[in-house]
Amino acid sequence: MKIFLMLVFTAVYFVIFFFVVDRLFTLLPLNGLVNILALVCLFIALLASVGLAQFTVHKIKEWDGK
């Protein structure tokens, strides 16, 4: 159950981060540097979404245990 919750929360957080990054980079002109920077930001967003998912699942388990 923990793995399933982590996958769901990771997907939800990543979709939110993806829309934010997409909105930020659509305002900039298209060139190679902007595309590379967008990919780097998406990778950071993936790492952040995994971390937030772990934190959320931990808090849910902590809250459920009380």
# chains A, B, ... in the order shown; residues from 1 in each chain; ligands from 1
>>> residues_around(residues="range 40-47 of chain A", least_positions_apart="5", cutoff="9 Å", atoms="only C-alpha atoms", output="list of chain:residue names")
A:Thr10, A:Ala11, A:Tyr13, A:Phe14, A:Phe17, A:Phe18, A:Val21, A:Asn35, A:Leu52
>>> residues_around(residues="range 2-8 of chain A", least_positions_apart="5", cutoff="7 Å", atoms="only C-alpha atoms", output="PyMOL selection string")
chain A and resi 53-54+57
>>> atom_distance(atom1="CA of Val12 in chain A", atom2="CA of Lys59 in chain A")
16.6 Å
